[in-house]
Amino acid sequence: MKVTVVGTGYVGLVTGTCLAEIGHQVICVDNNTEKIDKLHKGIIPIYEPGLEDLVRRNTEQNRLFFSIDLPRSINESEIIFIAVGTPSKPNGEADLSYVENVAYEIAKAAKDPKIVVEKSTVPVETGNRLYEILHTQNGHKVKFDVVSNPEFLREGTAVSDFMRPDRIVIGTESESSREKMKRLYDPLKAPIIFTDISSAELIKHASNSFLALKISYANALANICEKTGANIDDVVYGMSLDKRIGPHFLKAGIGYGGSCFPKDVDAFVRIAAAKGISFGLLEEVQSINELQRTNFVEKIQKKFGSLEGKTIAVLGLAFKPDTDDLRSAPALDIIAGLQKAGAKIRVFDPVAMDNANQKLSNVEFTVNEFDCMKGADAVAIMTEWPQFRGLDWKQAKTILKKPILFDGRNLFSLEQMKKIGFEYISVGRKPV
Ligand code: UDX
Ligand code: UDX
């Protein structure tokens, strides 16, 4: 089938490439010419393991194309995915201007019937808004259907999340669109849930907010563990063996970041508020998450009394491993807090240094972990990159002023660090 995907960000590029991989003819269009130029040269503008090979293979086999010409790309396919950004407005609501702008373009340009698919995460009832735009701006009086098909892609595992989804959610009122979307995803042989548009839109916000809730619950438990000498690893393990609870998304640390959880939880609180419902539970999820960052700064401050003139080596900047994405990364707030307390900061991240150069100021960028730790008063881990686990920490001890490690992602066991001889302060566990 022929598909046009509008927006070649983390979501749009993965969606378009994987749809080509399962045999469809796909055009990925973006209004950022630099991105499209790079893609024409086989340069992938984002870091996503496995994506580069897929883009190359599908471009070579003439299933995947890139364009900046939106009107033309719209008229090449019947199914049009909208995968442009839905960032937060200053008041926390989702900014739908990009999504609506694309809907206008589709309405004006389409010369034959289109199925317009909401791939971007949008507040419930956005589908009605898109219908309205498509039908009032209908340049050539064609038939439009709107479908909600939310994405559940995690950065760093987005390709496998697309190719082996737990479920595909399709929200539509039209039987023919339902059939076509079923055909589109058939090659994945994955469970498909068909429902109405609003329910499909809600499933996304409800799922992401629940995952964020699990994380904040684990972090609230971690804070109680720290006050009672308990160990969060054991508490969570003890909980997780209950099949109704499970082990996932209960890892305590400096909290969640990324382009989705903070934005989606914020948007969901406001969607509820707009309907006169106060979603206090999610507001508490947000405040626990913010508190984890300040708690971590306070831990470091408490250790040194004053941070004036102290140098802290920060290992890891990305909001999680296997991505270069710094959007709402806890490291950014924690570094700002440490700088405010007078600390000098040196940073290293295996992948996110280019993005960091644009987002961080008054820090020293280093070339590797040992360059970062050289002569520092302490080291602080913000992202659990596997390579940090494998470092020669015995050697690291010799280049730090003092062997003090603050671990924001509980990368190590207490025994490991005790054996190596570090003073080791982590989250939800006793300092050793
Ligand atoms: C974003 C949201 O973060 C996510 O929650 C939502 O589910 C999908 O959109 P992401 O892919 O990370 O995900 O967005 P981003 O990386 O900002 O990419 C959006 C792309 O759309 C950019 O490349 C931008 O240039 C492009 N765009 C934006 C257009 O092509 N046209 C527009 O009008 C606006
Ligand atoms: C998330 C959802 O998982 C995905 O389904 C949705 O489509 C987009 O948003 P993503 O934001 O890419 O994906 O990353 P995810 O792996 O969910 O982690 C989000 C944040 O939570 C990261 O900062 C991570 O460090 C943190 N996290 C995750 C925890 O602090 N503890 C955990 O147990 C799990």
# chains A, B, ... in the order shown; residues from 1 in each chain; ligands from 1
>>> residues_near_ligand(ligand="ligand 1", cutoff="8 Å", atoms="only C-alpha atoms and all ligand atoms", output="NGL selection string")
:A and (6-13 or 29-32 or 35 or 68 or 83-87 or 97-99 or 101-102 or 119-122 or 150-151 or 259-260 or 263-264)
>>> residues_near_ligand(ligand="ligand 2", cutoff="7 Å", atoms="only C-alpha atoms and all ligand atoms", output="NGL selection string")
:A and (151-156 or 208 or 212 or 215 or 248-261 or 319-320 or 329)
>>> select_by_dssp(residues="segment 23-236 of chain A", states="strand (DSSP E)", output="ChimeraX atom specification")
/A:25-29,64-67,79-82,114-118,144-148,168-171,192-195
>>> residues_around(residues="Phe65 of chain A", least_positions_apart="4", cutoff="9 Å", atoms="only C-alpha atoms", output="count of residues only")
8
>>> closest_atom_pairs(of="segment 271-329 of chain A", to="segment 339-362 of chain A", cutoff="10 Å", atoms="only C-alpha atoms", output="JSON lines")
{"residue": "A:Val297", "atom": "CA", "partner": "A:Ala341", "partner_atom": "CA", "distance": 9.0}
{"residue": "A:Glu298", "atom": "CA", "partner": "A:Ala341", "partner_atom": "CA", "distance": 9.8}
{"residue": "A:Gln301", "atom": "CA", "partner": "A:Ala341", "partner_atom": "CA", "distance": 7.8}
{"residue": "A:Ser306", "atom": "CA", "partner": "A:Ala341", "partner_atom": "CA", "distance": 7.5}
{"residue": "A:Leu307", "atom": "CA", "partner": "A:Ala343", "partner_atom": "CA", "distance": 5.0}
{"residue": "A:Glu308", "atom": "CA", "partner": "A:Gly342", "partner_atom": "CA", "distance": 4.3}
{"residue": "A:Gly309", "atom": "CA", "partner": "A:Ala343", "partner_atom": "CA", "distance": 5.6}
{"residue": "A:Lys310", "atom": "CA", "partner": "A:Ala343", "partner_atom": "CA", "distance": 5.0}
{"residue": "A:Thr311", "atom": "CA", "partner": "A:Lys344", "partner_atom": "CA", "distance": 4.6}
{"residue": "A:Ile312", "atom": "CA", "partner": "A:Ile345", "partner_atom": "CA", "distance": 5.2}
{"residue": "A:Ala313", "atom": "CA", "partner": "A:Arg346", "partner_atom": "CA", "distance": 4.9}
{"residue": "A:Val314", "atom": "CA", "partner": "A:Val347", "partner_atom": "CA", "distance": 4.8}
{"residue": "A:Leu315", "atom": "CA", "partner": "A:Phe348", "partner_atom": "CA", "distance": 5.2}
{"residue": "A:Gly316", "atom": "CA", "partner": "A:Asp349", "partner_atom": "CA", "distance": 4.5}
{"residue": "A:Leu317", "atom": "CA", "partner": "A:Asp349", "partner_atom": "CA", "distance": 5.7}
{"residue": "A:Ala318", "atom": "CA", "partner": "A:Ala352", "partner_atom": "CA", "distance": 6.0}
{"residue": "A:Phe319", "atom": "CA", "partner": "A:Ala352", "partner_atom": "CA", "distance": 9.6}
{"residue": "A:Pro321", "atom": "CA", "partner": "A:Val351", "partner_atom": "CA", "distance": 9.0}
{"residue": "A:Asp322", "atom": "CA", "partner": "A:Val351", "partner_atom": "CA", "distance": 7.9}
{"residue": "A:Thr323", "atom": "CA", "partner": "A:Val351", "partner_atom": "CA", "distance": 7.1}
{"residue": "A:Asp324", "atom": "CA", "partner": "A:Ala352", "partner_atom": "CA", "distance": 4.2}
{"residue": "A:Asp325", "atom": "CA", "partner": "A:Ala352", "partner_atom": "CA", "distance": 6.7}
{"residue": "A:Leu326", "atom": "CA", "partner": "A:Asn355", "partner_atom": "CA", "distance": 7.0}
{"residue": "A:Arg327", "atom": "CA", "partner": "A:Lys359", "partner_atom": "CA", "distance": 9.6}
>>> residues_around(residues="segment 279-293 of chain A", least_positions_apart="2", cutoff="7 Å", atoms="only C-alpha atoms", output="NGL selection string")
:A and (213 or 216 or 220 or 254-256 or 265 or 269 or 272 or 277 or 295-297 or 330 or 333-334)
>>> atom_distance(atom1="atom CA of Lys243 of chain A", atom2="atom CA of Ile203 of chain A")
22.0 Å
>>> closest_residue(among="A:Ala376, A:Leu39, A:Ala274, A:Val146", to="Lys401 of chain A", atoms="only C-alpha atoms")
A:Ala376
>>> residues_around(residues="segment 403-420 of chain A", least_positions_apart="5", cutoff="6 Å", atoms="only C-alpha atoms", output="PDB file with C-alpha atoms, in the first residue's frame")
ATOM      1  CA  GLY A 253      16.526   6.716  40.344  1.00  0.00           C
ATOM      2  CA  ILE A 254      16.580  10.397  39.403  1.00  0.00           C
ATOM      3  CA  ALA A 378      33.353  13.220  42.867  1.00  0.00           C
ATOM      4  CA  VAL A 379      31.639  11.487  39.952  1.00  0.00           C
ATOM      5  CA  ALA A 380      27.838  11.427  39.413  1.00  0.00           C
ATOM      6  CA  ILE A 381      26.120   8.946  37.069  1.00  0.00           C
ATOM      7  CA  MET A 382      22.939  10.322  35.451  1.00  0.00           C
ATOM      8  CA  GLU A 384      22.803   4.017  33.050  1.00  0.00           C
ATOM      9  CA  LYS A 397      39.733   5.690  41.984  1.00  0.00           C
ATOM     10  CA  ILE A 425      25.694   7.067  47.434  1.00  0.00           C
ATOM     11  CA  SER A 426      22.734   5.827  45.355  1.00  0.00           C
TER      12      SER A 426
END
>>> closest_atom_pairs(of="segment 11-40 of chain A", to="segment 45-56 of chain A", cutoff="8 Å", atoms="only C-alpha atoms", output="Markdown table")
| residue | atom | partner | partner_atom | distance |
| --- | --- | --- | --- | --- |
| A:Val14 | CA | A:Leu51 | CA | 7.1 |
| A:Thr17 | CA | A:Val55 | CA | 5.9 |
| A:Cys18 | CA | A:Leu54 | CA | 7.6 |
| A:Glu21 | CA | A:Leu54 | CA | 7.1 |
| A:Lys35 | CA | A:Pro45 | CA | 6.3 |
| A:Lys38 | CA | A:Pro45 | CA | 7.0 |
| A:Leu39 | CA | A:Pro45 | CA | 7.4 |
>>> residues_around(residues="segment 230-235 of chain A", least_positions_apart="2", cutoff="9 Å", atoms="only C-alpha atoms", output="PyMOL selection string")
chain A and resi 218-219+221-228+237-240+251-252+427-430
>>> write_last_selection(atoms="C-alpha atoms", output="PDB file, in the first residue's frame")
ATOM      1  CA  ALA A 218       9.048   3.414  43.018  1.00  0.00           C
ATOM      2  CA  ASN A 219      10.809   6.705  43.701  1.00  0.00           C
ATOM      3  CA  LEU A 221       9.222   4.116  48.026  1.00  0.00           C
ATOM      4  CA  ALA A 222      12.956   4.776  47.543  1.00  0.00           C
ATOM      5  CA  ASN A 223      12.712   7.965  49.611  1.00  0.00           C
ATOM      6  CA  ILE A 224      11.038   5.993  52.426  1.00  0.00           C
ATOM      7  CA  CYS A 225      13.752   3.315  52.148  1.00  0.00           C
ATOM      8  CA  GLU A 226      16.444   5.954  52.596  1.00  0.00           C
ATOM      9  CA  LYS A 227      14.784   7.153  55.806  1.00  0.00           C
ATOM     10  CA  THR A 228      14.295   3.662  57.209  1.00  0.00           C
ATOM     11  CA  TYR A 237      11.854  -7.316  43.894  1.00  0.00           C
ATOM     12  CA  GLY A 238       9.548  -8.490  46.651  1.00  0.00           C
ATOM     13  CA  MET A 239       6.660  -6.604  45.032  1.00  0.00           C
ATOM     14  CA  SER A 240       7.450  -7.685  41.455  1.00  0.00           C
ATOM     15  CA  LYS A 251      13.347   1.204  38.788  1.00  0.00           C
ATOM     16  CA  ALA A 252      14.096   3.983  41.287  1.00  0.00           C
ATOM     17  CA  VAL A 427      18.893   6.042  45.421  1.00  0.00           C
ATOM     18  CA  GLY A 428      16.770   4.183  47.960  1.00  0.00           C
ATOM     19  CA  ARG A 429      19.692   2.320  49.506  1.00  0.00           C
ATOM     20  CA  LYS A 430      22.106   2.887  52.370  1.00  0.00           C
TER      21      LYS A 430
END
>>> atom_distance(atom1="atom CA of Glu201 of chain A", atom2="atom CA of Ala273 of chain A")
16.8 Å
>>> closest_residue(among="A:Asp392, A:Phe370, A:Ile300, A:Gly229", to="Leu338 of chain A", atoms="only C-alpha atoms")
A:Ile300
>>> closest_residue(among="A:Ser328, A:Ser177, A:Thr195, A:Ser207", to="Glu78 of chain A", atoms="only C-alpha atoms")
A:Ser177
>>> select_by_dssp(residues="segment 43-280 of chain A", states="alpha helix (DSSP H)", output="PyMOL selection string")
chain A and resi 51-60+70-74+97-109+126-136+158-163+175-185+197-228+232-240+261-274+280
>>> write_last_selection(atoms="C-alpha atoms", output="compact mmCIF listing (two decimals), in the first residue's frame")
# COMPACT_ATOMS: atom_id res chain seq x y z
CA LEU A 51 17.47 2.49 12.00
CA GLU A 52 20.33 3.42 9.68
CA ASP A 53 20.51 -0.04 8.06
CA LEU A 54 16.74 -0.15 7.61
CA VAL A 55 16.67 3.29 5.99
CA ARG A 56 19.49 2.34 3.64
CA ARG A 57 17.98 -1.03 2.65
CA ASN A 58 14.48 0.33 2.01
CA THR A 59 15.75 3.36 0.11
CA GLU A 60 17.91 1.11 -2.10
CA LEU A 70 4.04 18.20 1.27
CA PRO A 71 1.22 18.80 -1.28
CA ARG A 72 2.80 16.46 -3.79
CA SER A 73 3.56 13.78 -1.17
CA ILE A 74 -0.05 13.96 0.04
CA SER A 97 -0.49 23.77 15.95
CA TYR A 98 1.88 21.55 13.94
CA VAL A 99 -0.69 18.75 13.71
CA GLU A 100 -3.42 21.20 12.68
CA ASN A 101 -1.11 22.87 10.17
CA VAL A 102 -0.55 19.51 8.46
CA ALA A 103 -4.31 18.83 8.45
CA TYR A 104 -4.86 22.17 6.69
CA GLU A 105 -2.27 21.27 4.06
CA ILE A 106 -3.89 17.86 3.49
CA ALA A 107 -7.36 19.43 3.22
CA LYS A 108 -6.17 21.95 0.64
CA ALA A 109 -3.98 19.63 -1.45
CA THR A 126 -8.28 15.91 18.62
CA GLY A 127 -9.78 13.58 16.01
CA ASN A 128 -12.97 15.68 15.98
CA ARG A 129 -10.85 18.80 15.50
CA LEU A 130 -9.05 17.24 12.52
CA TYR A 131 -12.38 16.16 10.96
CA GLU A 132 -13.55 19.76 11.26
CA ILE A 133 -10.41 21.15 9.61
CA LEU A 134 -10.41 18.58 6.82
CA HIS A 135 -14.06 19.17 5.96
CA THR A 136 -14.14 22.95 6.26
CA ALA A 158 11.82 2.03 18.66
CA VAL A 159 12.48 -0.27 15.69
CA SER A 160 11.82 -3.48 17.67
CA ASP A 161 8.88 -1.83 19.43
CA PHE A 162 7.36 -1.16 15.98
CA MET A 163 8.18 -4.56 14.48
CA GLU A 175 -15.52 0.27 8.27
CA SER A 176 -13.45 0.81 5.10
CA SER A 177 -10.68 2.63 7.00
CA ARG A 178 -10.70 -0.19 9.55
CA GLU A 179 -10.16 -2.72 6.76
CA LYS A 180 -7.37 -0.69 5.15
CA MET A 181 -5.53 -0.17 8.46
CA LYS A 182 -5.86 -3.88 9.14
CA ARG A 183 -4.29 -4.63 5.76
CA LEU A 184 -1.53 -2.11 6.41
CA TYR A 185 -0.46 -3.79 9.66
CA ILE A 197 -11.21 7.50 17.94
CA SER A 198 -11.54 9.01 21.42
CA SER A 199 -10.84 5.70 23.17
CA ALA A 200 -7.76 5.16 20.98
CA GLU A 201 -6.48 8.66 21.76
CA LEU A 202 -7.06 8.07 25.49
CA ILE A 203 -5.25 4.69 25.48
CA LYS A 204 -1.98 6.47 24.70
CA HIS A 205 -2.16 9.12 27.42
CA ALA A 206 -3.53 6.58 29.88
CA SER A 207 -0.71 4.09 29.16
CA ASN A 208 2.15 6.59 29.33
CA SER A 209 0.76 8.21 32.46
CA PHE A 210 0.40 4.83 34.16
CA LEU A 211 4.03 3.98 33.35
CA ALA A 212 5.13 7.34 34.76
CA LEU A 213 3.00 6.64 37.85
CA LYS A 214 4.82 3.34 38.40
CA ILE A 215 8.17 5.13 38.25
CA SER A 216 7.12 7.85 40.69
CA TYR A 217 5.66 5.22 43.01
CA ALA A 218 9.05 3.41 43.02
CA ASN A 219 10.81 6.71 43.70
CA ALA A 220 8.46 7.58 46.57
CA LEU A 221 9.22 4.12 48.03
CA ALA A 222 12.96 4.78 47.54
CA ASN A 223 12.71 7.96 49.61
CA ILE A 224 11.04 5.99 52.43
CA CYS A 225 13.75 3.31 52.15
CA GLU A 226 16.44 5.95 52.60
CA LYS A 227 14.78 7.15 55.81
CA THR A 228 14.30 3.66 57.21
CA ILE A 232 14.61 -0.34 47.37
CA ASP A 233 16.01 -3.17 45.21
CA ASP A 234 14.72 -5.78 47.65
CA VAL A 235 11.41 -3.96 48.21
CA VAL A 236 10.72 -3.73 44.46
CA TYR A 237 11.85 -7.32 43.89
CA GLY A 238 9.55 -8.49 46.65
CA MET A 239 6.66 -6.60 45.03
CA SER A 240 7.45 -7.68 41.46
CA PHE A 261 6.34 11.09 29.78
CA PRO A 262 6.75 14.68 31.05
CA LYS A 263 4.72 16.07 28.13
CA ASP A 264 2.02 13.39 28.13
CA VAL A 265 1.43 13.45 31.90
CA ASP A 266 1.22 17.26 31.76
CA ALA A 267 -1.21 17.14 28.85
CA PHE A 268 -3.36 14.47 30.52
CA VAL A 269 -3.68 16.55 33.71
CA ARG A 270 -4.88 19.45 31.59
CA ILE A 271 -7.23 17.38 29.48
CA ALA A 272 -8.91 16.22 32.70
CA ALA A 273 -8.97 19.77 34.08
CA ALA A 274 -10.59 21.03 30.87
CA GLY A 280 -4.47 14.91 41.56
